[in-house]
Structures are given as C-alpha cells and as structure tokens.
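Data from upload26.pdb: PDB, C-alpha atoms
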```pdb
ATOM      1  CA  MET A   1      39.274 -76.501 184.610
ATOM      2  CA  PHE A   2      42.714 -74.997 185.316
ATOM      3  CA  TYR A   3      44.973 -74.623 182.309
ATOM      4  CA  ASP A   4      48.657 -74.169 183.077
ATOM      5  CA  GLY A   5      50.527 -73.911 179.797
ATOM      6  CA  ARG A   6      53.586 -72.687 181.693
ATOM      7  CA  LYS A   7      54.506 -76.274 182.550
ATOM      8  CA  SER A   8      55.485 -76.757 178.913
ATOM      9  CA  LYS A   9      56.445 -73.183 178.151
ATOM     10  CA  ASP A  10      59.571 -74.217 176.203
ATOM     11  CA  SER A  11      58.141 -77.446 174.822
ATOM     12  CA  CYS A  12      56.853 -75.520 171.808
ATOM     13  CA  LEU A  13      60.168 -73.722 171.260
ATOM     14  CA  GLU A  14      61.017 -75.886 168.259
ATOM     15  CA  VAL A  15      57.646 -75.186 166.642
ATOM     16  CA  VAL A  16      58.017 -71.448 167.285
ATOM     17  CA  TYR A  17      61.538 -71.323 165.855
ATOM     18  CA  ARG A  18      60.646 -73.354 162.773
ATOM     19  CA  MET A  19      57.569 -71.217 162.107
ATOM     20  CA  TYR A  20      59.504 -67.946 162.086
ATOM     21  CA  TRP A  21      62.265 -69.475 159.979
ATOM     22  CA  LEU A  22      59.567 -70.652 157.545
ATOM     23  CA  CYS A  23      57.962 -67.189 157.514
ATOM     24  CA  TYR A  24      61.177 -65.695 156.178
ATOM     25  CA  HIS A  25      61.277 -68.296 153.391
ATOM     26  CA  ILE A  26      57.654 -67.650 152.456
ATOM     27  CA  HIS A  27      58.268 -63.903 152.193
ATOM     28  CA  THR A  28      61.446 -64.233 150.140
ATOM     29  CA  TYR A  29      60.732 -67.325 148.024
ATOM     30  CA  LYS A  30      61.367 -66.435 144.388
ATOM     31  CA  LYS A  31      59.209 -69.041 142.670
ATOM     32  CA  THR A  32      55.574 -68.253 141.932
ATOM     33  CA  GLN A  33      53.230 -69.148 144.795
ATOM     34  CA  VAL A  34      49.437 -69.048 144.800
ATOM     35  CA  ALA A  35      47.198 -69.164 147.870
ATOM     36  CA  LEU A  36      43.516 -69.942 147.372
ATOM     37  CA  VAL A  37      41.788 -68.710 150.529
ATOM     38  CA  HIS A  38      38.167 -69.692 150.982
ATOM     39  CA  GLY A  39      37.268 -69.329 154.645
ATOM     40  CA  ILE A  40      38.998 -68.176 157.823
ATOM     41  CA  SER A  41      42.576 -66.909 157.624
ATOM     42  CA  MET A  42      43.541 -65.569 161.035
ATOM     43  CA  GLY A  43      46.689 -64.857 162.977
ATOM     44  CA  GLY A  44      49.670 -66.991 162.034
ATOM     45  CA  GLY A  45      47.585 -68.856 159.479
ATOM     46  CA  ALA A  46      47.329 -65.673 157.449
ATOM     47  CA  SER A  47      51.108 -65.764 157.015
ATOM     48  CA  LEU A  48      50.422 -68.505 154.465
ATOM     49  CA  MET A  49      48.277 -66.069 152.464
ATOM     50  CA  VAL A  50      49.434 -62.461 152.538
ATOM     51  CA  PRO A  51      53.122 -62.837 151.520
ATOM     52  CA  MET A  52      52.378 -65.067 148.530
ATOM     53  CA  LYS A  53      53.015 -63.792 145.017
ATOM     54  CA  PHE A  54      49.303 -64.284 144.379
ATOM     55  CA  SER A  55      46.640 -64.621 147.049
ATOM     56  CA  VAL A  56      43.110 -65.299 145.826
ATOM     57  CA  VAL A  57      40.172 -64.632 148.140
ATOM     58  CA  THR A  58      36.405 -65.061 147.889
ATOM     59  CA  GLU A  59      33.268 -63.598 149.461
ATOM     60  CA  LYS A  60      33.645 -66.166 152.240
ATOM     61  CA  THR A  61      37.200 -65.252 153.191
ATOM     62  CA  VAL A  62      37.656 -63.776 156.692
ATOM     63  CA  PHE A  63      40.943 -62.255 157.859
ATOM     64  CA  SER A  64      41.868 -61.084 161.343
ATOM     65  CA  THR A  65      44.837 -60.663 163.685
ATOM     66  CA  PRO A  66      43.165 -61.075 167.107
ATOM     67  CA  GLU A  67      46.216 -62.081 169.150
ATOM     68  CA  ALA A  68      46.386 -58.980 171.370
ATOM     69  CA  SER A  69      42.965 -59.707 172.819
ATOM     70  CA  ILE A  70      44.215 -62.888 174.513
ATOM     71  CA  GLY A  71      47.512 -61.522 175.820
ATOM     72  CA  PHE A  72      49.674 -62.405 172.822
ATOM     73  CA  HIS A  73      51.043 -60.182 170.053
ATOM     74  CA  THR A  74      50.742 -59.775 166.287
ATOM     75  CA  ASP A  75      53.136 -62.470 165.079
ATOM     76  CA  CYS A  76      54.449 -64.390 162.053
ATOM     77  CA  GLY A  77      55.639 -61.308 160.196
ATOM     78  CA  PHE A  78      52.534 -59.208 160.730
ATOM     79  CA  SER A  79      54.327 -56.508 162.711
ATOM     80  CA  TYR A  80      56.051 -55.883 159.368
ATOM     81  CA  ILE A  81      53.005 -56.368 157.118
ATOM     82  CA  LEU A  82      50.514 -54.337 159.141
ATOM     83  CA  SER A  83      52.936 -51.530 159.931
ATOM     84  CA  HIS A  84      53.372 -50.911 156.205
ATOM     85  CA  LEU A  85      49.670 -50.481 155.475
ATOM     86  CA  PRO A  86      48.446 -46.951 154.647
ATOM     87  CA  GLY A  87      47.997 -44.540 157.537
ATOM     88  CA  HIS A  88      47.314 -46.241 160.857
ATOM     89  CA  LEU A  89      45.176 -49.088 159.551
ATOM     90  CA  GLY A  90      47.825 -51.519 160.809
ATOM     91  CA  GLU A  91      47.502 -50.370 164.409
ATOM     92  CA  PHE A  92      43.730 -50.585 164.135
ATOM     93  CA  LEU A  93      43.735 -54.156 162.817
ATOM     94  CA  ALA A  94      46.376 -55.326 165.282
ATOM     95  CA  LEU A  95      44.806 -53.837 168.402
ATOM     96  CA  THR A  96      41.130 -54.514 167.663
ATOM     97  CA  GLY A  97      41.343 -57.814 165.769
ATOM     98  CA  ALA A  98      38.813 -56.316 163.343
ATOM     99  CA  ARG A  99      37.814 -58.659 160.548
ATOM    100  CA  LEU A 100      38.268 -57.964 156.851
ATOM    101  CA  ASN A 101      36.346 -59.765 154.109
ATOM    102  CA  GLY A 102      37.664 -60.755 150.706
ATOM    103  CA  LYS A 103      36.878 -57.471 148.983
ATOM    104  CA  GLU A 104      38.475 -55.499 151.795
ATOM    105  CA  LEU A 105      41.613 -57.640 151.676
ATOM    106  CA  VAL A 106      42.126 -56.836 148.001
ATOM    107  CA  ALA A 107      41.374 -53.146 148.554
ATOM    108  CA  ALA A 108      43.858 -53.017 151.448
ATOM    109  CA  GLY A 109      46.580 -54.778 149.466
ATOM    110  CA  LEU A 110      46.575 -57.887 151.670
ATOM    111  CA  ALA A 111      45.351 -60.086 148.803
ATOM    112  CA  THR A 112      45.853 -59.790 145.049
ATOM    113  CA  HIS A 113      42.643 -61.122 143.475
ATOM    114  CA  PHE A 114      38.972 -61.631 144.298
ATOM    115  CA  VAL A 115      37.300 -64.653 142.717
ATOM    116  CA  PRO A 116      33.651 -65.612 143.400
ATOM    117  CA  SER A 117      33.564 -68.883 145.333
ATOM    118  CA  GLU A 118      31.645 -70.753 142.646
ATOM    119  CA  LYS A 119      34.567 -70.171 140.263
ATOM    120  CA  LEU A 120      37.291 -71.281 142.670
ATOM    121  CA  PRO A 121      37.269 -75.031 141.814
ATOM    122  CA  GLU A 122      37.535 -74.227 138.126
ATOM    123  CA  LEU A 123      40.385 -71.804 138.769
ATOM    124  CA  GLU A 124      42.247 -74.434 140.751
ATOM    125  CA  LYS A 125      41.921 -76.956 137.933
ATOM    126  CA  HIS A 126      43.044 -74.359 135.426
ATOM    127  CA  LEU A 127      46.150 -73.487 137.440
ATOM    128  CA  ILE A 128      47.081 -77.159 137.769
ATOM    129  CA  SER A 129      46.630 -77.768 134.047
ATOM    130  CA  LEU A 130      48.702 -74.676 133.289
ATOM    131  CA  ASN A 131      51.771 -76.608 134.434
ATOM    132  CA  SER A 132      53.829 -73.435 134.506
ATOM    133  CA  GLY A 133      55.447 -71.352 137.210
ATOM    134  CA  ASP A 134      55.795 -68.330 134.976
ATOM    135  CA  LYS A 135      54.543 -65.339 136.949
ATOM    136  CA  ASN A 136      52.834 -63.636 134.037
ATOM    137  CA  ALA A 137      51.149 -66.843 132.868
ATOM    138  CA  VAL A 138      49.802 -67.512 136.361
ATOM    139  CA  LYS A 139      48.616 -63.929 136.715
ATOM    140  CA  SER A 140      46.773 -64.080 133.389
ATOM    141  CA  ALA A 141      45.154 -67.359 134.369
ATOM    142  CA  ILE A 142      43.866 -65.931 137.653
ATOM    143  CA  GLU A 143      42.598 -62.795 135.955
ATOM    144  CA  GLU A 144      40.363 -64.901 133.730
ATOM    145  CA  PHE A 145      38.347 -65.695 136.855
ATOM    146  CA  SER A 146      38.832 -62.627 139.055
ATOM    147  CA  VAL A 147      36.510 -59.640 139.281
ATOM    148  CA  ASP A 148      37.033 -56.047 140.349
ATOM    149  CA  VAL A 149      36.064 -55.257 143.920
ATOM    150  CA  GLN A 150      33.805 -52.514 145.156
ATOM    151  CA  LEU A 151      33.716 -51.885 148.879
ATOM    152  CA  ASP A 152      30.430 -52.012 150.730
ATOM    153  CA  GLU A 153      29.281 -48.639 152.009
ATOM    154  CA  ASN A 154      29.802 -49.666 155.641
ATOM    155  CA  SER A 155      33.269 -51.139 155.105
ATOM    156  CA  ILE A 156      35.763 -50.357 157.829
ATOM    157  CA  LEU A 157      38.106 -49.177 155.089
ATOM    158  CA  ASN A 158      35.746 -46.265 154.498
ATOM    159  CA  LYS A 159      36.430 -45.097 158.058
ATOM    160  CA  LYS A 160      40.052 -44.216 157.312
ATOM    161  CA  SER A 161      39.948 -40.647 158.617
ATOM    162  CA  ILE A 162      38.624 -41.739 162.018
ATOM    163  CA  ILE A 163      41.050 -44.656 162.227
ATOM    164  CA  ASP A 164      44.026 -42.464 161.372
ATOM    165  CA  GLU A 165      42.959 -39.794 163.859
ATOM    166  CA  CYS A 166      42.494 -42.207 166.764
ATOM    167  CA  PHE A 167      45.142 -44.853 166.135
ATOM    168  CA  SER A 168      47.925 -42.349 165.535
ATOM    169  CA  LYS A 169      47.985 -41.520 169.269
ATOM    170  CA  ASN A 170      51.139 -42.241 171.239
ATOM    171  CA  ASN A 171      49.825 -44.998 173.496
ATOM    172  CA  VAL A 172      46.945 -47.431 173.928
ATOM    173  CA  ALA A 173      45.201 -45.370 176.610
ATOM    174  CA  ASP A 174      45.139 -42.283 174.382
ATOM    175  CA  ILE A 175      43.956 -44.365 171.427
ATOM    176  CA  ILE A 176      40.996 -45.649 173.440
ATOM    177  CA  LYS A 177      40.240 -42.167 174.793
ATOM    178  CA  SER A 178      40.236 -40.710 171.268
ATOM    179  CA  PHE A 179      38.091 -43.572 169.982
ATOM    180  CA  GLU A 180      35.597 -42.996 172.806
ATOM    181  CA  SER A 181      35.358 -39.352 171.800
ATOM    182  CA  GLU A 182      34.609 -40.291 168.188
ATOM    183  CA  ALA A 183      31.981 -42.838 169.306
ATOM    184  CA  SER A 184      29.796 -40.066 170.694
ATOM    185  CA  LYS A 185      29.483 -38.390 167.305
ATOM    186  CA  GLU A 186      26.554 -38.963 164.963
ATOM    187  CA  GLY A 187      27.031 -41.772 162.473
ATOM    188  CA  ASN A 188      29.753 -43.511 164.449
ATOM    189  CA  GLY A 189      27.658 -46.256 166.004
ATOM    190  CA  TRP A 190      30.027 -48.864 164.563
ATOM    191  CA  ILE A 191      32.695 -47.820 167.070
ATOM    192  CA  GLY A 192      30.783 -49.157 170.086
ATOM    193  CA  ALA A 193      31.367 -52.840 169.380
ATOM    194  CA  VAL A 194      35.029 -52.224 168.545
ATOM    195  CA  LEU A 195      35.530 -50.294 171.777
ATOM    196  CA  LYS A 196      33.921 -53.080 173.775
ATOM    197  CA  GLY A 197      36.439 -55.525 172.366
ATOM    198  CA  LEU A 198      39.358 -53.200 173.097
ATOM    199  CA  ARG A 199      38.289 -52.719 176.710
ATOM    200  CA  ARG A 200      38.006 -56.491 177.226
ATOM    201  CA  SER A 201      41.427 -57.215 175.732
ATOM    202  CA  SER A 202      44.570 -57.984 177.678
ATOM    203  CA  PRO A 203      46.318 -54.735 178.671
ATOM    204  CA  THR A 204      49.647 -56.521 178.312
ATOM    205  CA  GLY A 205      48.779 -57.829 174.862
ATOM    206  CA  LEU A 206      47.651 -54.388 173.708
ATOM    207  CA  LYS A 207      50.776 -52.583 174.906
ATOM    208  CA  ILE A 208      53.175 -55.156 173.465
ATOM    209  CA  THR A 209      51.325 -55.201 170.157
ATOM    210  CA  LEU A 210      51.279 -51.420 169.707
ATOM    211  CA  LYS A 211      54.994 -51.142 170.451
ATOM    212  CA  SER A 212      55.753 -53.973 168.025
ATOM    213  CA  ILE A 213      53.727 -52.416 165.195
ATOM    214  CA  ARG A 214      55.273 -48.993 165.766
ATOM    215  CA  GLU A 215      58.783 -50.482 165.710
ATOM    216  CA  GLY A 216      57.875 -52.413 162.575
ATOM    217  CA  ARG A 217      57.507 -49.184 160.617
ATOM    218  CA  LYS A 218      61.281 -48.696 160.813
ATOM    219  CA  GLN A 219      62.368 -52.321 160.709
ATOM    220  CA  THR A 220      63.215 -54.708 157.902
ATOM    221  CA  LEU A 221      61.367 -57.997 157.529
ATOM    222  CA  SER A 222      64.301 -59.820 159.132
ATOM    223  CA  GLU A 223      64.351 -57.456 162.095
ATOM    224  CA  CYS A 224      60.606 -57.862 162.585
ATOM    225  CA  LEU A 225      60.797 -61.654 162.539
ATOM    226  CA  LYS A 226      63.668 -61.684 165.028
ATOM    227  CA  LYS A 227      61.758 -59.314 167.292
ATOM    228  CA  GLU A 228      58.565 -61.387 167.058
ATOM    229  CA  PHE A 229      60.495 -64.555 167.895
ATOM    230  CA  ARG A 230      61.747 -62.882 171.082
ATOM    231  CA  LEU A 231      58.286 -61.624 171.933
ATOM    232  CA  THR A 232      56.729 -65.042 171.397
ATOM    233  CA  MET A 233      59.255 -66.808 173.598
ATOM    234  CA  ASN A 234      59.030 -64.168 176.351
ATOM    235  CA  VAL A 235      55.235 -64.170 176.303
ATOM    236  CA  LEU A 236      55.122 -67.974 176.484
ATOM    237  CA  ARG A 237      57.659 -67.877 179.297
ATOM    238  CA  ALA A 238      55.400 -65.417 181.159
ATOM    239  CA  THR A 239      58.290 -62.991 181.497
ATOM    240  CA  ILE A 240      56.029 -60.125 182.599
ATOM    241  CA  SER A 241      52.538 -61.630 182.568
ATOM    242  CA  GLU A 242      50.663 -64.908 182.331
ATOM    243  CA  ASP A 243      47.841 -63.323 180.337
ATOM    244  CA  VAL A 244      48.267 -65.523 177.271
ATOM    245  CA  TYR A 245      47.467 -68.610 179.333
ATOM    246  CA  GLU A 246      44.533 -66.895 180.983
ATOM    247  CA  GLY A 247      43.288 -65.768 177.576
ATOM    248  CA  ILE A 248      43.512 -69.300 176.188
ATOM    249  CA  ARG A 249      41.703 -70.649 179.241
ATOM    250  CA  ALA A 250      38.854 -68.152 179.010
ATOM    251  CA  LEU A 251      38.413 -68.438 175.261
ATOM    252  CA  THR A 252      39.070 -72.077 174.412
ATOM    253  CA  ILE A 253      39.249 -74.199 177.581
ATOM    254  CA  ASP A 254      36.560 -73.097 180.036
ATOM    255  CA  LYS A 255      34.959 -70.829 177.426
ATOM    256  CA  ASP A 256      33.614 -68.499 180.092
ATOM    257  CA  ASN A 257      34.883 -65.459 178.176
ATOM    258  CA  ALA A 258      35.764 -63.872 181.506
ATOM    259  CA  PRO A 259      39.547 -63.577 181.616
ATOM    260  CA  LYS A 260      41.163 -62.132 184.714
ATOM    261  CA  TRP A 261      44.099 -60.136 183.390
ATOM    262  CA  GLU A 262      47.173 -59.427 185.470
ATOM    263  CA  PRO A 263      47.874 -56.586 185.543
ATOM    264  CA  PRO A 264      44.165 -55.786 185.180
ATOM    265  CA  SER A 265      44.446 -52.386 183.494
ATOM    266  CA  LEU A 266      46.723 -50.351 181.239
ATOM    267  CA  ASP A 267      47.769 -47.970 184.015
ATOM    268  CA  LYS A 268      49.037 -50.879 186.123
ATOM    269  CA  LEU A 269      51.553 -51.956 183.454
ATOM    270  CA  ASP A 270      54.747 -49.903 183.285
ATOM    271  CA  ASP A 271      56.408 -49.257 179.942
ATOM    272  CA  GLU A 272      59.660 -50.494 181.478
ATOM    273  CA  ASP A 273      58.068 -53.914 181.982
ATOM    274  CA  VAL A 274      56.903 -53.979 178.368
ATOM    275  CA  ASP A 275      60.456 -53.183 177.271
ATOM    276  CA  LEU A 276      61.666 -56.371 178.973
ATOM    277  CA  VAL A 277      60.012 -58.671 176.424
ATOM    278  CA  PHE A 278      61.684 -56.752 173.581
ATOM    279  CA  GLN A 279      65.218 -57.195 174.888
ATOM    280  CA  LYS A 280      67.531 -59.061 172.542
ATOM    281  CA  PHE A 281      68.774 -62.538 173.348
ATOM    282  CA  THR A 282      72.454 -63.391 173.078
ATOM    283  CA  GLU A 283      73.300 -63.650 169.383
ATOM    284  CA  ASN A 284      73.413 -67.455 169.236
ATOM    285  CA  LEU A 285      69.887 -67.648 170.716
ATOM    286  CA  GLU A 286      68.356 -65.178 168.284
ATOM    287  CA  LEU A 287      66.349 -66.376 165.297
ATOM    288  CA  GLN A 288      68.950 -67.095 162.627
ATOM    289  CA  ILE A 289      67.720 -65.525 159.395
ATOM    290  CA  PRO A 290      69.092 -67.299 156.279
ATOM    291  CA  GLU A 291      69.841 -64.127 154.300
ATOM    292  CA  ASP A 292      73.023 -65.337 152.575
ATOM    293  CA  ASN A 293      72.394 -69.075 152.479
ATOM    294  CA  ARG A 294      68.763 -70.192 152.378
ATOM    295  CA  TRP A 295      69.524 -73.221 154.540
ATOM    296  CA  HIS A 296      71.450 -71.312 157.182
ATOM    297  CA  GLY A 297      69.962 -71.066 160.647
ATOM    298  CA  LYS A 298      67.903 -74.259 160.662
ATOM    299  CA  TYR A 299      66.637 -75.265 164.086
ATOM    300  CA  GLU A 300      68.889 -78.338 164.163
ATOM    301  CA  SER A 301      72.007 -76.134 164.111
ATOM    302  CA  THR A 302      70.961 -73.872 166.996
ATOM    303  CA  PRO A 303      71.738 -74.231 170.717
ATOM    304  CA  TYR A 304      68.021 -74.800 171.238
ATOM    305  CA  ALA A 305      68.374 -78.191 169.553
ATOM    306  CA  THR A 306      71.925 -79.130 170.519
ATOM    307  CA  SER A 307      71.813 -78.269 174.227
ATOM    308  CA  LYS A 308      69.434 -77.580 177.074
ATOM    309  CA  VAL A 309      68.549 -73.878 176.984
ATOM    310  CA  LYS A 310      67.443 -72.385 180.257
ATOM    311  CA  ASP A 311      65.319 -69.285 180.750
TER     312      ASP A 311
END
```
Rewrite the structure from the file as structure tokens, please.
Amino acid sequence: MFYDGRKSKDSCLEVVYRMYWLCYHIHTYKKTQVALVHGISMGGGASLMVPMKFSVVTEKTVFSTPEASIGFHTDCGFSYILSHLPGHLGEFLALTGARLNGKELVAAGLATHFVPSEKLPELEKHLISLNSGDKNAVKSAIEEFSVDVQLDENSILNKKSIIDECFSKNNVADIIKSFESEASKEGNGWIGAVLKGLRRSSPTGLKITLKSIREGRKQTLSECLKKEFRLTMNVLRATISEDVYEGIRALTIDKDNAPKWEPPSLDKLDDEDVDLVFQKFTENLELQIPEDNRWHGKYESTPYATSKVKD
C-alpha cells in the first residue's frame, strides 16, 4: 500500500496549532492538576503527564519519545523538558526513544509519585471525594498511597556516565561513534540493542531532534513551543525530506519495518538543509503564545483560520 500523507499536509494544521497552544496552557495552568498514568505514555501523549502539578505512575507505566526514529522530532514541549534533564539524558531519550518505567520516571523527575497499580482505583476515589484543589491537600492525599522508588540494578538511569560521555558529542555521527566504542567494553551489552535502533532511525529525524534539544537548553518554554510548531509544520510539509511519511508507512501502514530514508545516511544530509526547518515564519504565522492574556492567540484569530495560507 502507498501512503501519501503529503496530499493533506496542511489539513492537520489546525490540530497542530491547537495542540501547541494547549501545551502552553498545560505547562502554565495555576490550578492543581493530577495525572494518573497507568499504561503507555509516549510522544505527544506524555505532554498530558509530565507538566502536571502531580503525575502519578505505576509499575505498568511506560514512557518514551520515539519520534526521531520515524523522521519526526521531539515535540509538544519535550525539547524544553528533555533538555533540562540532568547531564545528557535528554539527548539520549530523544534520539534513542528509550523507554522508562514508572520508577525511572519518578527518579528522573518526569513524574512526582509512584503508586502500585492495585492502589490506583482507591487513590482516584479518594481524590474525587477530597473535593479540594488545594495543592498541599492533594499532595498529602497522594502520599497516603505512594511508595518510595528504588531503581532496578539494570536501569538505564544507572548508566549515566556512559550516556553523558557519548551523548555530549557535537553531532549525531560522533554520538553513534562514541556509543559504538563503549559497546565493545565489558559489561556494556545493553548498548547493542540501543545502537541497532539508532542506526535504523531516520537520519533527518535524528539531526533535527538533536539540534532542537540542544537549542532547548537555552530557550524558554515559549520559545521551544514556537520552534516545535515550526518544525512540525515543516516536517509535515516535507520541506527537506519525506521521511515522516515513509516512517509512518513502514511502521503503521504496511508494517514491513523497512523504511527507505531519503537521504539514506547522516553524511548525505547537510546541516544547512536541517537549518531550513528551523527558520522562523513571518510573525503573524508563528504560534501565538498567550503570555499576557490566556485567551490570546487562539487558532480562530490567526491567518491560518481566517485565510488560505500557502506554503
């Protein structure tokens, strides 16, 4: 089957705009929010977990940001979130799509509390009956059910020195080269599977993602969201590559898991081409962040909604 998402490349513009506008509200909302996460929380979906005042996870929670592997980029505020993790853990998670479990999420600061799954229904009932949005009251209620976490011996978070050494390199090629060097050392058998995934990932997705995370270290939340909006629209418009559509085809449509990336390798993609998807739009076509008025910048008031916007 041939999947050509390009035919409707701007048909999802409204959804994209509204999602980024919502992400800003989620991050800055002042009332107490609680996310109960029992299962998979990946990519954009995780933006409904991590920024919350309280995010409760269980032993069945799985987190990942796998977008780079299919030719996309780390989106929905995660170029800000991941870039502010300790050391170079953010680059590692963004480029490899490595999965974290509930305990690891709490240890990494991406979730606030760990509650065993059998206690989750009772916690939910208790929070509802609390009938209070007071932050301290909600925190105390959650802590009645939460337990301290202790990382498993083989947790990826215990590999911090290797991750920092390899993922601090200047570019994706050097990161992979350094990771390959570490893989040959005794006790580093875990690296093999991660390397395999990196080598199979979209070169375009990897380069865009690394640049976005690195920029995120020096950017505000608003700047990251505006940047990610541009990246999303340019990737969907196939500004420099159609990899995202090929990745979707190979993973979810034909399910042959044999994507044919274009360009096919990191050395075939110039940094100048990557820079193109980061270029700012004209001001009226940028994501309008409601920093002064929470209702400013709604999709309905943008040129995207009021007129036909061309590429």
Note to self: Using all atoms listed in the file for the distances, tell me which of A:Gly77, A:Trp261, A:Val277, A:Thr306 is nearest to A:Leu236.
What the structure shows: A:Val277
Item checked: For stretch 137-141 of chain A: contacts at 9 Å, only C-alpha atoms, fewer than 2 positions along chain excluded, given as an MDAnalysis selection string -> chainID A and resid 32 34 54 123 126:127 130 132:135 143:145
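One finds atom CA of A:Met49 at 7.6 Å from atom CA of A:Ala111.
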Write out, as a Markdown table, each residue of stretch 46-83 of chain A that has an atom at most 10 Å from stretch 214-235 of chain A, together with the closest pair of atoms and their distance in Å to one decimal, counting all atoms listed in the file, rows going by chain and rising number.
```
| residue | atom | partner | partner_atom | distance |
| --- | --- | --- | --- | --- |
| A:Gly71 | CA | A:Val235 | CA | 8.2 |
| A:Phe72 | CA | A:Val235 | CA | 6.8 |
| A:His73 | CA | A:Thr232 | CA | 7.6 |
| A:Thr74 | CA | A:Glu228 | CA | 8.0 |
| A:Asp75 | CA | A:Glu228 | CA | 5.9 |
| A:Cys76 | CA | A:Leu225 | CA | 6.9 |
| A:Gly77 | CA | A:Leu225 | CA | 5.7 |
| A:Phe78 | CA | A:Cys224 | CA | 8.4 |
| A:Ser79 | CA | A:Gly216 | CA | 5.4 |
| A:Tyr80 | CA | A:Gly216 | CA | 5.1 |
| A:Ile81 | CA | A:Gly216 | CA | 8.3 |
| A:Leu82 | CA | A:Gly216 | CA | 8.3 |
| A:Ser83 | CA | A:Arg217 | CA | 5.2 |
```
Checklist line | Separation of atom CA of A:Ser201 from atom CA of A:Ile70, in Å and rounded to one decimal | finding: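 Straight-line distance from atom CA of A:Ser201 to atom CA of A:Ile70 works out to 6.4 Å.
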Next item on the list: Enumerate, as a list in words, the residues matched when the PyMOL selection byres ((chain A and resi 203-207) around 6) is run on the file above.
Entry: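 This file gives the following for the PyMOL selection byres ((chain A and resi 203-207) around 6): Ala68, Gly71, Phe72, His73, Ser202, Ile208, Thr209, Leu210, Ser265 and Leu266 of chain A.
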Next item on the list: Measuring atom to atom with only C-alpha atoms, identify which of A:Asp275, A:Leu251, A:Phe92, A:Gln288 is nearest to A:Thr302.
Entry: A:Gln288
Item checked: Atomic separation - atom CA of A:Leu48 relative to atom CA of A:His27, Å ->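 We find that atom CA of A:His27 and atom CA of A:Leu48 lie 9.4 Å from each other.
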Using the incomplete input, complete stretch 234-248 of chain A to the level of N, CA, C and O atoms; output as a PDB file, in the coordinates of the input.
```
ATOM      1  N   ASN A 234      59.191 -64.842 175.056  1.00  0.00           N
ATOM      2  CA  ASN A 234      59.030 -64.168 176.351  1.00  0.00           C
ATOM      3  C   ASN A 234      57.587 -64.184 176.841  1.00  0.00           C
ATOM      4  O   ASN A 234      57.336 -64.273 178.043  1.00  0.00           O
ATOM      5  N   VAL A 235      56.643 -64.087 175.900  1.00  0.00           N
ATOM      6  CA  VAL A 235      55.235 -64.170 176.303  1.00  0.00           C
ATOM      7  C   VAL A 235      54.917 -65.582 176.795  1.00  0.00           C
ATOM      8  O   VAL A 235      54.267 -65.765 177.829  1.00  0.00           O
ATOM      9  N   LEU A 236      55.377 -66.591 176.074  1.00  0.00           N
ATOM     10  CA  LEU A 236      55.122 -67.974 176.484  1.00  0.00           C
ATOM     11  C   LEU A 236      55.826 -68.315 177.792  1.00  0.00           C
ATOM     12  O   LEU A 236      55.345 -69.152 178.559  1.00  0.00           O
ATOM     13  N   ARG A 237      56.935 -67.658 178.045  1.00  0.00           N
ATOM     14  CA  ARG A 237      57.659 -67.877 179.297  1.00  0.00           C
ATOM     15  C   ARG A 237      57.099 -67.029 180.443  1.00  0.00           C
ATOM     16  O   ARG A 237      57.628 -67.057 181.550  1.00  0.00           O
ATOM     17  N   ALA A 238      56.045 -66.271 180.157  1.00  0.00           N
ATOM     18  CA  ALA A 238      55.400 -65.417 181.159  1.00  0.00           C
ATOM     19  C   ALA A 238      56.400 -64.480 181.823  1.00  0.00           C
ATOM     20  O   ALA A 238      56.409 -64.293 183.043  1.00  0.00           O
ATOM     21  N   THR A 239      57.238 -63.871 180.995  1.00  0.00           N
ATOM     22  CA  THR A 239      58.290 -62.991 181.497  1.00  0.00           C
ATOM     23  C   THR A 239      57.728 -61.835 182.308  1.00  0.00           C
ATOM     24  O   THR A 239      58.282 -61.469 183.360  1.00  0.00           O
ATOM     25  N   ILE A 240      56.633 -61.231 181.838  1.00  0.00           N
ATOM     26  CA  ILE A 240      56.029 -60.125 182.599  1.00  0.00           C
ATOM     27  C   ILE A 240      54.561 -60.368 182.934  1.00  0.00           C
ATOM     28  O   ILE A 240      53.985 -59.642 183.742  1.00  0.00           O
ATOM     29  N   SER A 241      53.960 -61.377 182.323  1.00  0.00           N
ATOM     30  CA  SER A 241      52.538 -61.630 182.568  1.00  0.00           C
ATOM     31  C   SER A 241      52.175 -63.033 182.096  1.00  0.00           C
ATOM     32  O   SER A 241      52.792 -63.572 181.176  1.00  0.00           O
ATOM     33  N   GLU A 242      51.175 -63.603 182.732  1.00  0.00           N
ATOM     34  CA  GLU A 242      50.663 -64.908 182.331  1.00  0.00           C
ATOM     35  C   GLU A 242      49.368 -64.787 181.534  1.00  0.00           C
ATOM     36  O   GLU A 242      48.618 -65.749 181.374  1.00  0.00           O
ATOM     37  N   ASP A 243      49.119 -63.595 180.998  1.00  0.00           N
ATOM     38  CA  ASP A 243      47.841 -63.323 180.337  1.00  0.00           C
ATOM     39  C   ASP A 243      47.535 -64.268 179.184  1.00  0.00           C
ATOM     40  O   ASP A 243      46.372 -64.612 178.955  1.00  0.00           O
ATOM     41  N   VAL A 244      48.546 -64.672 178.425  1.00  0.00           N
ATOM     42  CA  VAL A 244      48.267 -65.523 177.271  1.00  0.00           C
ATOM     43  C   VAL A 244      47.633 -66.842 177.703  1.00  0.00           C
ATOM     44  O   VAL A 244      46.734 -67.361 177.029  1.00  0.00           O
ATOM     45  N   TYR A 245      48.040 -67.362 178.842  1.00  0.00           N
ATOM     46  CA  TYR A 245      47.467 -68.610 179.333  1.00  0.00           C
ATOM     47  C   TYR A 245      46.059 -68.391 179.882  1.00  0.00           C
ATOM     48  O   TYR A 245      45.181 -69.237 179.729  1.00  0.00           O
ATOM     49  N   GLU A 246      45.868 -67.243 180.502  1.00  0.00           N
ATOM     50  CA  GLU A 246      44.533 -66.895 180.983  1.00  0.00           C
ATOM     51  C   GLU A 246      43.593 -66.652 179.807  1.00  0.00           C
ATOM     52  O   GLU A 246      42.414 -67.039 179.832  1.00  0.00           O
ATOM     53  N   GLY A 247      44.104 -66.009 178.761  1.00  0.00           N
ATOM     54  CA  GLY A 247      43.288 -65.768 177.576  1.00  0.00           C
ATOM     55  C   GLY A 247      42.877 -67.060 176.891  1.00  0.00           C
ATOM     56  O   GLY A 247      41.723 -67.217 176.473  1.00  0.00           O
ATOM     57  N   ILE A 248      43.807 -67.993 176.784  1.00  0.00           N
ATOM     58  CA  ILE A 248      43.512 -69.300 176.188  1.00  0.00           C
ATOM     59  C   ILE A 248      42.477 -70.043 177.031  1.00  0.00           C
ATOM     60  O   ILE A 248      41.543 -70.649 176.514  1.00  0.00           O
TER      61      ILE A 248
END
```
